[in-house]
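Quick notes on the structure that follows.
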Amino acid sequence: MCQVLIVKTKKERPCGLPWGVASVAPIQHSRTSVQGYPSPVHLLYVDESGKSGPRDPRQPSYILAGVIVSEAQWRDVEVDLAARVDLICLPPRPSNWEIHAADIAHGKRFAKGLSRNDKRALIGAVLDVIDAFDLRLEFVVIDKLAHLQKYMNPVPFELLAYRFMIERFEYFLGNHADQPLGMVVS
């Protein structure tokens, strides 16, 4: 069996999603790691898009995307990505600098002054790191209007997406009996 611990890094939380442990099952390990949890741990970093409201035609879908990284790999992934980004966007960068595909596509915020080649190189750097470390990507896409029209009392699409994401993560962990613990960072 597996355990999934949900850790929110933002002040808001998905509609109705409980804090803390989403699924609990006994795990027997003697070696400990992150904050006393059994090791090794898989981390699922998630982010969302399409939160403009259920009937906004400019954002018809709610998207929840995640990348699964082994606890043993995450620092190497971070160092490798930072090194690749440093070659494209020379340091120092502002402390709030982040890679956002929408900003790159629309030339906003930090991507405002980047050339088309640099924008492509940034996306390429992210994809190269995903490939180099064989990272697992998970996506949940919900057509907001179709969801509202299909059900009389629909579950909020944010909650539904998180439920599907957690279910996929638990399935992933179930296939990794040697690493049955997962932590979701949102």
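Ordering of the structure tokens sets the chain letters (A, B, ...), residue numbers begin anew at 1 in every chain, and ligands are numbered from 1 in the order given.
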Which residues are close to Glu98 of chain A, i.e. within 10 Å by only C-alpha atoms, leaving aside same-chain residues fewer than 6 positions away? Reply as a list of chain:residue names.
A:Arg109, A:Phe110, A:Ala111
Could you produce a table of the residues of segment 74-148 of chain A lying within 12 Å of segment 47-62 of chain A, with the nearest pair of atoms per residue and their separation in Å rounded to one decimal, using only C-alpha atoms, ordered by chain and increasing residue number, as a tab-separated table?
```
residue	atom	partner	partner_atom	distance
A:His100	CA	A:Asp47	CA	10.6
A:Ala101	CA	A:Ser49	CA	10.8
A:Ala102	CA	A:Ser49	CA	9.7
A:Leu137	CA	A:Asp47	CA	11.7
A:Glu138	CA	A:Asp47	CA	10.7
A:Phe139	CA	A:Glu48	CA	9.7
A:Val140	CA	A:Tyr62	CA	8.1
A:Val141	CA	A:Tyr62	CA	5.7
A:Ile142	CA	A:Tyr62	CA	5.2
A:Asp143	CA	A:Ser61	CA	4.6
A:Lys144	CA	A:Ser61	CA	5.5
A:Leu145	CA	A:Arg55	CA	6.2
A:Ala146	CA	A:Pro60	CA	9.2
A:His147	CA	A:Pro54	CA	9.2
A:Leu148	CA	A:Pro54	CA	7.8
```
Please save N, CA and C atoms of the selected residues as a PDB file, in the first residue's frame.
```pdb
ATOM      1  N   HIS A 100       7.237  30.152 -16.702  1.00  0.00           N
ATOM      2  CA  HIS A 100       5.811  29.951 -16.949  1.00  0.00           C
ATOM      3  C   HIS A 100       5.608  29.900 -18.455  1.00  0.00           C
ATOM      4  N   ALA A 101       5.092  28.792 -18.944  1.00  0.00           N
ATOM      5  CA  ALA A 101       4.916  28.613 -20.384  1.00  0.00           C
ATOM      6  C   ALA A 101       4.024  29.706 -20.977  1.00  0.00           C
ATOM      7  N   ALA A 102       2.984  30.098 -20.250  1.00  0.00           N
ATOM      8  CA  ALA A 102       2.088  31.146 -20.767  1.00  0.00           C
ATOM      9  C   ALA A 102       2.837  32.465 -20.935  1.00  0.00           C
ATOM     10  N   LEU A 137       5.237  12.670 -16.088  1.00  0.00           N
ATOM     11  CA  LEU A 137       4.300  13.787 -16.123  1.00  0.00           C
ATOM     12  C   LEU A 137       2.880  13.250 -16.010  1.00  0.00           C
ATOM     13  N   GLU A 138       2.054  13.961 -15.272  1.00  0.00           N
ATOM     14  CA  GLU A 138       0.639  13.626 -15.139  1.00  0.00           C
ATOM     15  C   GLU A 138      -0.183  14.877 -15.441  1.00  0.00           C
ATOM     16  N   PHE A 139      -1.296  14.690 -16.159  1.00  0.00           N
ATOM     17  CA  PHE A 139      -2.163  15.810 -16.499  1.00  0.00           C
ATOM     18  C   PHE A 139      -3.615  15.409 -16.283  1.00  0.00           C
ATOM     19  N   VAL A 140      -4.400  16.359 -15.821  1.00  0.00           N
ATOM     20  CA  VAL A 140      -5.843  16.208 -15.757  1.00  0.00           C
ATOM     21  C   VAL A 140      -6.421  17.454 -16.411  1.00  0.00           C
ATOM     22  N   VAL A 141      -7.284  17.248 -17.408  1.00  0.00           N
ATOM     23  CA  VAL A 141      -7.916  18.362 -18.106  1.00  0.00           C
ATOM     24  C   VAL A 141      -9.422  18.182 -17.999  1.00  0.00           C
ATOM     25  N   ILE A 142     -10.097  19.227 -17.519  1.00  0.00           N
ATOM     26  CA  ILE A 142     -11.553  19.169 -17.376  1.00  0.00           C
ATOM     27  C   ILE A 142     -12.161  20.299 -18.190  1.00  0.00           C
ATOM     28  N   ASP A 143     -13.080  19.942 -19.070  1.00  0.00           N
ATOM     29  CA  ASP A 143     -13.857  20.918 -19.825  1.00  0.00           C
ATOM     30  C   ASP A 143     -14.887  21.481 -18.848  1.00  0.00           C
ATOM     31  N   LYS A 144     -14.679  22.705 -18.411  1.00  0.00           N
ATOM     32  CA  LYS A 144     -15.485  23.254 -17.316  1.00  0.00           C
ATOM     33  C   LYS A 144     -16.964  23.353 -17.680  1.00  0.00           C
ATOM     34  N   LEU A 145     -17.284  23.864 -18.839  1.00  0.00           N
ATOM     35  CA  LEU A 145     -18.681  24.047 -19.222  1.00  0.00           C
ATOM     36  C   LEU A 145     -19.373  22.692 -19.411  1.00  0.00           C
ATOM     37  N   ALA A 146     -18.710  21.748 -20.063  1.00  0.00           N
ATOM     38  CA  ALA A 146     -19.291  20.412 -20.250  1.00  0.00           C
ATOM     39  C   ALA A 146     -19.540  19.746 -18.903  1.00  0.00           C
ATOM     40  N   HIS A 147     -18.626  19.931 -17.963  1.00  0.00           N
ATOM     41  CA  HIS A 147     -18.787  19.361 -16.624  1.00  0.00           C
ATOM     42  C   HIS A 147     -20.002  19.958 -15.928  1.00  0.00           C
ATOM     43  N   LEU A 148     -20.162  21.263 -16.040  1.00  0.00           N
ATOM     44  CA  LEU A 148     -21.320  21.924 -15.408  1.00  0.00           C
ATOM     45  C   LEU A 148     -22.633  21.489 -16.050  1.00  0.00           C
TER      46      LEU A 148
END
```
Ranking A:Leu122, A:Ala177, A:Leu127, A:Ile166 by minimum distance to Leu87 of chain A and counting only C-alpha atoms, which one comes first?
A:Leu122
Write out as a PyMOL selection string all residues of segment 15-168 of chain A that backbone DSSP assigns to strand (DSSP E).
chain A and resi 20-23+41-49+61-70+136-143
Spatial neighbours of segment 66-74 of chain A, 7 Å, only C-alpha atoms, chain gap at least 2 places, as a PDB file with all heavy atoms, in the first residue's frame:
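In the end it all went to part_5.pdb:
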```
ATOM      1  N   PRO A  40      12.371   5.612   0.505  1.00  0.00           N
ATOM      2  CA  PRO A  40      12.409   6.871  -0.229  1.00  0.00           C
ATOM      3  C   PRO A  40      11.014   7.395  -0.555  1.00  0.00           C
ATOM      4  O   PRO A  40      10.042   6.656  -0.504  1.00  0.00           O
ATOM      5  CB  PRO A  40      13.177   6.526  -1.498  1.00  0.00           C
ATOM      6  CG  PRO A  40      12.969   5.067  -1.679  1.00  0.00           C
ATOM      7  CD  PRO A  40      12.739   4.474  -0.313  1.00  0.00           C
ATOM      8  N   VAL A  41      10.950   8.636  -0.905  1.00  0.00           N
ATOM      9  CA  VAL A  41       9.700   9.341  -1.154  1.00  0.00           C
ATOM     10  C   VAL A  41       9.669   9.792  -2.611  1.00  0.00           C
ATOM     11  O   VAL A  41      10.677  10.211  -3.159  1.00  0.00           O
ATOM     12  CB  VAL A  41       9.587  10.582  -0.238  1.00  0.00           C
ATOM     13  CG1 VAL A  41       8.346  11.388  -0.543  1.00  0.00           C
ATOM     14  CG2 VAL A  41       9.623  10.173   1.218  1.00  0.00           C
ATOM     15  N   HIS A  42       8.500   9.712  -3.222  1.00  0.00           N
ATOM     16  CA  HIS A  42       8.287  10.333  -4.528  1.00  0.00           C
ATOM     17  C   HIS A  42       7.549  11.649  -4.293  1.00  0.00           C
ATOM     18  O   HIS A  42       6.574  11.686  -3.523  1.00  0.00           O
ATOM     19  CB  HIS A  42       7.442   9.445  -5.442  1.00  0.00           C
ATOM     20  CG  HIS A  42       8.243   8.423  -6.166  1.00  0.00           C
ATOM     21  ND1 HIS A  42       8.299   7.114  -5.786  1.00  0.00           N
ATOM     22  CD2 HIS A  42       9.032   8.529  -7.259  1.00  0.00           C
ATOM     23  CE1 HIS A  42       9.078   6.443  -6.616  1.00  0.00           C
ATOM     24  NE2 HIS A  42       9.543   7.282  -7.512  1.00  0.00           N
ATOM     25  N   LEU A  43       8.004  12.699  -4.937  1.00  0.00           N
ATOM     26  CA  LEU A  43       7.375  14.009  -4.833  1.00  0.00           C
ATOM     27  C   LEU A  43       6.576  14.274  -6.101  1.00  0.00           C
ATOM     28  O   LEU A  43       7.071  14.043  -7.205  1.00  0.00           O
ATOM     29  CB  LEU A  43       8.442  15.092  -4.659  1.00  0.00           C
ATOM     30  CG  LEU A  43       9.421  14.874  -3.508  1.00  0.00           C
ATOM     31  CD1 LEU A  43      10.595  15.830  -3.625  1.00  0.00           C
ATOM     32  CD2 LEU A  43       8.716  15.042  -2.180  1.00  0.00           C
ATOM     33  N   LEU A  44       5.355  14.748  -5.933  1.00  0.00           N
ATOM     34  CA  LEU A  44       4.521  15.149  -7.067  1.00  0.00           C
ATOM     35  C   LEU A  44       4.311  16.649  -6.951  1.00  0.00           C
ATOM     36  O   LEU A  44       3.628  17.122  -6.047  1.00  0.00           O
ATOM     37  CB  LEU A  44       3.172  14.423  -7.061  1.00  0.00           C
ATOM     38  CG  LEU A  44       2.121  14.930  -8.054  1.00  0.00           C
ATOM     39  CD1 LEU A  44       2.597  14.746  -9.490  1.00  0.00           C
ATOM     40  CD2 LEU A  44       0.793  14.227  -7.835  1.00  0.00           C
ATOM     41  N   TYR A  45       4.961  17.392  -7.843  1.00  0.00           N
ATOM     42  CA  TYR A  45       4.783  18.850  -7.883  1.00  0.00           C
ATOM     43  C   TYR A  45       3.648  19.142  -8.849  1.00  0.00           C
ATOM     44  O   TYR A  45       3.683  18.708 -10.000  1.00  0.00           O
ATOM     45  CB  TYR A  45       6.061  19.537  -8.363  1.00  0.00           C
ATOM     46  CG  TYR A  45       7.204  19.430  -7.392  1.00  0.00           C
ATOM     47  CD1 TYR A  45       8.150  18.420  -7.506  1.00  0.00           C
ATOM     48  CD2 TYR A  45       7.326  20.342  -6.345  1.00  0.00           C
ATOM     49  CE1 TYR A  45       9.196  18.313  -6.603  1.00  0.00           C
ATOM     50  CE2 TYR A  45       8.365  20.243  -5.437  1.00  0.00           C
ATOM     51  CZ  TYR A  45       9.301  19.229  -5.575  1.00  0.00           C
ATOM     52  OH  TYR A  45      10.332  19.129  -4.681  1.00  0.00           O
ATOM     53  N   VAL A  46       2.620  19.865  -8.378  1.00  0.00           N
ATOM     54  CA  VAL A  46       1.465  20.161  -9.233  1.00  0.00           C
ATOM     55  C   VAL A  46       1.256  21.660  -9.366  1.00  0.00           C
ATOM     56  O   VAL A  46       1.600  22.441  -8.476  1.00  0.00           O
ATOM     57  CB  VAL A  46       0.169  19.495  -8.711  1.00  0.00           C
ATOM     58  CG1 VAL A  46       0.262  17.995  -8.747  1.00  0.00           C
ATOM     59  CG2 VAL A  46      -0.200  19.971  -7.342  1.00  0.00           C
ATOM     60  N   ASP A  47       0.677  22.032 -10.490  1.00  0.00           N
ATOM     61  CA  ASP A  47       0.295  23.415 -10.742  1.00  0.00           C
ATOM     62  C   ASP A  47      -0.969  23.379 -11.586  1.00  0.00           C
ATOM     63  O   ASP A  47      -1.264  22.391 -12.255  1.00  0.00           O
ATOM     64  CB  ASP A  47       1.411  24.180 -11.458  1.00  0.00           C
ATOM     65  CG  ASP A  47       1.283  25.687 -11.303  1.00  0.00           C
ATOM     66  OD1 ASP A  47       0.410  26.154 -10.526  1.00  0.00           O
ATOM     67  OD2 ASP A  47       2.032  26.410 -11.962  1.00  0.00           O
ATOM     68  N   LEU A  64      -4.754  20.579 -14.515  1.00  0.00           N
ATOM     69  CA  LEU A  64      -3.888  20.297 -13.380  1.00  0.00           C
ATOM     70  C   LEU A  64      -2.759  19.427 -13.912  1.00  0.00           C
ATOM     71  O   LEU A  64      -3.000  18.360 -14.484  1.00  0.00           O
ATOM     72  CB  LEU A  64      -4.659  19.569 -12.277  1.00  0.00           C
ATOM     73  CG  LEU A  64      -3.938  19.376 -10.955  1.00  0.00           C
ATOM     74  CD1 LEU A  64      -3.619  20.727 -10.310  1.00  0.00           C
ATOM     75  CD2 LEU A  64      -4.781  18.536 -10.010  1.00  0.00           C
ATOM     76  N   ASP A  76      19.299  16.964  -7.909  1.00  0.00           N
ATOM     77  CA  ASP A  76      20.003  16.863  -9.185  1.00  0.00           C
ATOM     78  C   ASP A  76      19.174  17.485 -10.314  1.00  0.00           C
ATOM     79  O   ASP A  76      19.718  18.141 -11.204  1.00  0.00           O
ATOM     80  CB  ASP A  76      20.324  15.410  -9.514  1.00  0.00           C
ATOM     81  CG  ASP A  76      21.334  14.800  -8.548  1.00  0.00           C
ATOM     82  OD1 ASP A  76      22.115  15.564  -7.932  1.00  0.00           O
ATOM     83  OD2 ASP A  76      21.339  13.565  -8.401  1.00  0.00           O
ATOM     84  N   VAL A  77      17.857  17.258 -10.280  1.00  0.00           N
ATOM     85  CA  VAL A  77      16.964  17.848 -11.278  1.00  0.00           C
ATOM     86  C   VAL A  77      17.033  19.373 -11.189  1.00  0.00           C
ATOM     87  O   VAL A  77      17.173  20.068 -12.207  1.00  0.00           O
ATOM     88  CB  VAL A  77      15.516  17.350 -11.092  1.00  0.00           C
ATOM     89  CG1 VAL A  77      14.542  18.154 -11.937  1.00  0.00           C
ATOM     90  CG2 VAL A  77      15.414  15.863 -11.411  1.00  0.00           C
ATOM     91  N   GLU A  78      16.945  19.887  -9.974  1.00  0.00           N
ATOM     92  CA  GLU A  78      16.980  21.335  -9.773  1.00  0.00           C
ATOM     93  C   GLU A  78      18.304  21.936 -10.244  1.00  0.00           C
ATOM     94  O   GLU A  78      18.319  22.960 -10.931  1.00  0.00           O
ATOM     95  CB  GLU A  78      16.745  21.662  -8.298  1.00  0.00           C
ATOM     96  CG  GLU A  78      16.694  23.151  -8.015  1.00  0.00           C
ATOM     97  CD  GLU A  78      16.427  23.462  -6.557  1.00  0.00           C
ATOM     98  OE1 GLU A  78      16.422  22.545  -5.717  1.00  0.00           O
ATOM     99  OE2 GLU A  78      16.238  24.656  -6.267  1.00  0.00           O
ATOM    100  N   LEU A 135      11.552  11.708 -15.993  1.00  0.00           N
ATOM    101  CA  LEU A 135      10.510  12.130 -15.068  1.00  0.00           C
ATOM    102  C   LEU A 135       9.141  11.781 -15.619  1.00  0.00           C
ATOM    103  O   LEU A 135       8.917  11.787 -16.832  1.00  0.00           O
ATOM    104  CB  LEU A 135      10.610  13.640 -14.809  1.00  0.00           C
ATOM    105  CG  LEU A 135      11.940  14.111 -14.241  1.00  0.00           C
ATOM    106  CD1 LEU A 135      11.942  15.625 -14.075  1.00  0.00           C
ATOM    107  CD2 LEU A 135      12.247  13.432 -12.918  1.00  0.00           C
ATOM    108  N   ARG A 136       8.218  11.513 -14.728  1.00  0.00           N
ATOM    109  CA  ARG A 136       6.851  11.154 -15.104  1.00  0.00           C
ATOM    110  C   ARG A 136       5.981  12.401 -15.018  1.00  0.00           C
ATOM    111  O   ARG A 136       5.967  13.094 -13.995  1.00  0.00           O
ATOM    112  CB  ARG A 136       6.344  10.078 -14.137  1.00  0.00           C
ATOM    113  CG  ARG A 136       4.900   9.749 -14.224  1.00  0.00           C
ATOM    114  CD  ARG A 136       4.660   8.603 -15.209  1.00  0.00           C
ATOM    115  NE  ARG A 136       3.274   8.228 -15.184  1.00  0.00           N
ATOM    116  CZ  ARG A 136       2.844   7.032 -14.824  1.00  0.00           C
ATOM    117  NH1 ARG A 136       3.697   6.099 -14.459  1.00  0.00           N
ATOM    118  NH2 ARG A 136       1.570   6.758 -14.847  1.00  0.00           N
ATOM    119  N   LEU A 137       5.237  12.670 -16.088  1.00  0.00           N
ATOM    120  CA  LEU A 137       4.300  13.787 -16.123  1.00  0.00           C
ATOM    121  C   LEU A 137       2.880  13.250 -16.010  1.00  0.00           C
ATOM    122  O   LEU A 137       2.562  12.212 -16.589  1.00  0.00           O
ATOM    123  CB  LEU A 137       4.442  14.582 -17.423  1.00  0.00           C
ATOM    124  CG  LEU A 137       5.813  15.160 -17.717  1.00  0.00           C
ATOM    125  CD1 LEU A 137       5.805  15.852 -19.075  1.00  0.00           C
ATOM    126  CD2 LEU A 137       6.226  16.138 -16.635  1.00  0.00           C
ATOM    127  N   GLU A 138       2.054  13.961 -15.272  1.00  0.00           N
ATOM    128  CA  GLU A 138       0.639  13.626 -15.139  1.00  0.00           C
ATOM    129  C   GLU A 138      -0.183  14.877 -15.441  1.00  0.00           C
ATOM    130  O   GLU A 138       0.188  15.974 -15.031  1.00  0.00           O
ATOM    131  CB  GLU A 138       0.312  13.142 -13.714  1.00  0.00           C
ATOM    132  CG  GLU A 138       0.976  11.846 -13.320  1.00  0.00           C
ATOM    133  CD  GLU A 138       0.384  10.620 -14.001  1.00  0.00           C
ATOM    134  OE1 GLU A 138      -0.691  10.720 -14.638  1.00  0.00           O
ATOM    135  OE2 GLU A 138       0.999   9.550 -13.895  1.00  0.00           O
ATOM    136  N   PHE A 139      -1.296  14.690 -16.159  1.00  0.00           N
ATOM    137  CA  PHE A 139      -2.163  15.810 -16.499  1.00  0.00           C
ATOM    138  C   PHE A 139      -3.615  15.409 -16.283  1.00  0.00           C
ATOM    139  O   PHE A 139      -3.996  14.284 -16.564  1.00  0.00           O
ATOM    140  CB  PHE A 139      -2.011  16.214 -17.971  1.00  0.00           C
ATOM    141  CG  PHE A 139      -0.653  16.715 -18.329  1.00  0.00           C
ATOM    142  CD1 PHE A 139       0.322  15.856 -18.782  1.00  0.00           C
ATOM    143  CD2 PHE A 139      -0.348  18.058 -18.201  1.00  0.00           C
ATOM    144  CE1 PHE A 139       1.584  16.304 -19.107  1.00  0.00           C
ATOM    145  CE2 PHE A 139       0.907  18.520 -18.522  1.00  0.00           C
ATOM    146  CZ  PHE A 139       1.881  17.653 -18.982  1.00  0.00           C
TER     147      PHE A 139
END
```
Of the candidates A:Val85, A:Leu173, A:Met152, A:Ala132, which shows the shortest atom-to-atom distance to Arg120 of chain A, using only C-alpha atoms?
A:Val85
How would you write, as a VMD selection string, the set of residues in segment 29-146 of chain A that DSSP gives as helix (DSSP H, G or I)?
chain A and resid 34 to 36 74 to 88 101 to 106 109 to 113 116 to 132 144 to 146
Kindly export the residues of the current selection with N, CA and C atoms, as a compact mmCIF listing (two decimals), in the first residue's frame.
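The result, written out as selection19.txt:
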```
# COMPACT_ATOMS: atom_id res chain seq x y z
N VAL A 34 12.76 12.32 4.90
CA VAL A 34 12.15 13.64 5.03
C VAL A 34 11.23 13.70 6.24
N GLN A 35 11.57 14.50 7.21
CA GLN A 35 10.77 14.74 8.41
C GLN A 35 10.29 13.45 9.06
N GLY A 36 11.12 12.43 9.06
CA GLY A 36 10.77 11.19 9.73
C GLY A 36 9.88 10.25 8.94
N TRP A 74 15.58 14.89 -6.78
CA TRP A 74 15.07 16.25 -6.93
C TRP A 74 16.16 17.31 -6.91
N ARG A 75 17.16 17.15 -6.08
CA ARG A 75 18.24 18.16 -6.07
C ARG A 75 19.02 18.15 -7.38
N ASP A 76 19.30 16.96 -7.91
CA ASP A 76 20.00 16.86 -9.18
C ASP A 76 19.17 17.48 -10.31
N VAL A 77 17.86 17.26 -10.28
CA VAL A 77 16.96 17.85 -11.28
C VAL A 77 17.03 19.37 -11.19
N GLU A 78 16.94 19.89 -9.97
CA GLU A 78 16.98 21.34 -9.77
C GLU A 78 18.30 21.94 -10.24
N VAL A 79 19.42 21.31 -9.89
CA VAL A 79 20.74 21.80 -10.29
C VAL A 79 20.89 21.77 -11.80
N ASP A 80 20.48 20.67 -12.43
CA ASP A 80 20.60 20.54 -13.88
C ASP A 80 19.75 21.60 -14.58
N LEU A 81 18.50 21.76 -14.16
CA LEU A 81 17.64 22.77 -14.79
C LEU A 81 18.21 24.17 -14.60
N ALA A 82 18.67 24.48 -13.40
CA ALA A 82 19.24 25.81 -13.14
C ALA A 82 20.44 26.07 -14.04
N ALA A 83 21.29 25.06 -14.22
CA ALA A 83 22.48 25.23 -15.07
C ALA A 83 22.07 25.48 -16.52
N ARG A 84 21.07 24.76 -16.99
CA ARG A 84 20.60 24.95 -18.37
C ARG A 84 19.97 26.34 -18.55
N VAL A 85 19.19 26.76 -17.56
CA VAL A 85 18.55 28.08 -17.63
C VAL A 85 19.60 29.18 -17.57
N ASP A 86 20.63 29.00 -16.75
CA ASP A 86 21.70 30.00 -16.63
C ASP A 86 22.39 30.28 -17.97
N LEU A 87 22.45 29.28 -18.83
CA LEU A 87 23.07 29.46 -20.14
C LEU A 87 22.20 30.31 -21.07
N ILE A 88 20.90 30.34 -20.79
CA ILE A 88 19.95 31.06 -21.64
C ILE A 88 19.63 32.43 -21.07
N ALA A 101 5.09 28.79 -18.94
CA ALA A 101 4.92 28.61 -20.38
C ALA A 101 4.02 29.71 -20.98
N ALA A 102 2.98 30.10 -20.25
CA ALA A 102 2.09 31.15 -20.77
C ALA A 102 2.84 32.46 -20.93
N ASP A 103 3.70 32.80 -19.98
CA ASP A 103 4.49 34.03 -20.10
C ASP A 103 5.45 33.94 -21.28
N ILE A 104 6.03 32.78 -21.48
CA ILE A 104 6.95 32.60 -22.60
C ILE A 104 6.19 32.73 -23.91
N ALA A 105 5.04 32.08 -24.01
CA ALA A 105 4.25 32.11 -25.24
C ALA A 105 3.76 33.51 -25.58
N HIS A 106 3.40 34.28 -24.56
CA HIS A 106 2.82 35.60 -24.80
C HIS A 106 3.80 36.75 -24.56
N ARG A 109 5.90 39.27 -18.47
CA ARG A 109 6.77 39.27 -17.29
C ARG A 109 8.22 39.06 -17.69
N PHE A 110 8.89 38.06 -17.13
CA PHE A 110 10.33 37.91 -17.38
C PHE A 110 10.63 37.60 -18.84
N ALA A 111 9.67 37.02 -19.57
CA ALA A 111 9.90 36.63 -20.97
C ALA A 111 9.69 37.77 -21.94
N LYS A 112 9.35 38.94 -21.43
CA LYS A 112 9.02 40.07 -22.29
C LYS A 112 10.15 40.43 -23.26
N GLY A 113 11.38 40.42 -22.81
CA GLY A 113 12.49 40.82 -23.66
C GLY A 113 13.24 39.67 -24.31
N ARG A 116 12.84 34.92 -29.70
CA ARG A 116 12.12 33.68 -29.99
C ARG A 116 13.03 32.47 -29.75
N ASN A 117 14.30 32.58 -30.13
CA ASN A 117 15.24 31.47 -29.92
C ASN A 117 15.45 31.18 -28.44
N ASP A 118 15.54 32.23 -27.61
CA ASP A 118 15.71 32.03 -26.17
C ASP A 118 14.46 31.40 -25.55
N LYS A 119 13.30 31.81 -26.03
CA LYS A 119 12.06 31.21 -25.53
C LYS A 119 12.01 29.72 -25.86
N ARG A 120 12.36 29.40 -27.08
CA ARG A 120 12.40 27.98 -27.48
C ARG A 120 13.45 27.22 -26.68
N ALA A 121 14.58 27.86 -26.44
CA ALA A 121 15.64 27.21 -25.68
C ALA A 121 15.21 26.93 -24.25
N LEU A 122 14.45 27.84 -23.63
CA LEU A 122 13.95 27.62 -22.26
C LEU A 122 13.02 26.41 -22.21
N ILE A 123 12.08 26.36 -23.14
CA ILE A 123 11.16 25.22 -23.18
C ILE A 123 11.96 23.94 -23.46
N GLY A 124 12.92 24.04 -24.36
CA GLY A 124 13.77 22.89 -24.66
C GLY A 124 14.56 22.42 -23.45
N ALA A 125 15.05 23.38 -22.64
CA ALA A 125 15.81 23.02 -21.44
C ALA A 125 14.93 22.24 -20.46
N VAL A 126 13.71 22.67 -20.28
CA VAL A 126 12.79 21.96 -19.39
C VAL A 126 12.53 20.55 -19.92
N LEU A 127 12.24 20.44 -21.21
CA LEU A 127 11.98 19.13 -21.80
C LEU A 127 13.21 18.23 -21.74
N ASP A 128 14.39 18.80 -21.93
CA ASP A 128 15.63 18.01 -21.85
C ASP A 128 15.85 17.46 -20.45
N VAL A 129 15.53 18.25 -19.42
CA VAL A 129 15.67 17.76 -18.04
C VAL A 129 14.66 16.65 -17.77
N ILE A 130 13.44 16.82 -18.23
CA ILE A 130 12.42 15.77 -18.07
C ILE A 130 12.92 14.48 -18.71
N ASP A 131 13.51 14.60 -19.89
CA ASP A 131 14.03 13.43 -20.60
C ASP A 131 15.26 12.85 -19.91
N ALA A 132 16.17 13.71 -19.50
CA ALA A 132 17.43 13.24 -18.88
C ALA A 132 17.19 12.45 -17.60
N LYS A 144 -14.68 22.70 -18.41
CA LYS A 144 -15.49 23.25 -17.32
C LYS A 144 -16.96 23.35 -17.68
N LEU A 145 -17.28 23.86 -18.84
CA LEU A 145 -18.68 24.05 -19.22
C LEU A 145 -19.37 22.69 -19.41
N ALA A 146 -18.71 21.75 -20.06
CA ALA A 146 -19.29 20.41 -20.25
C ALA A 146 -19.54 19.75 -18.90
```
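Taking atom CA of Phe157 of chain A and atom CA of Phe169 of chain A as endpoints, the distance between them is 18.2 Å.
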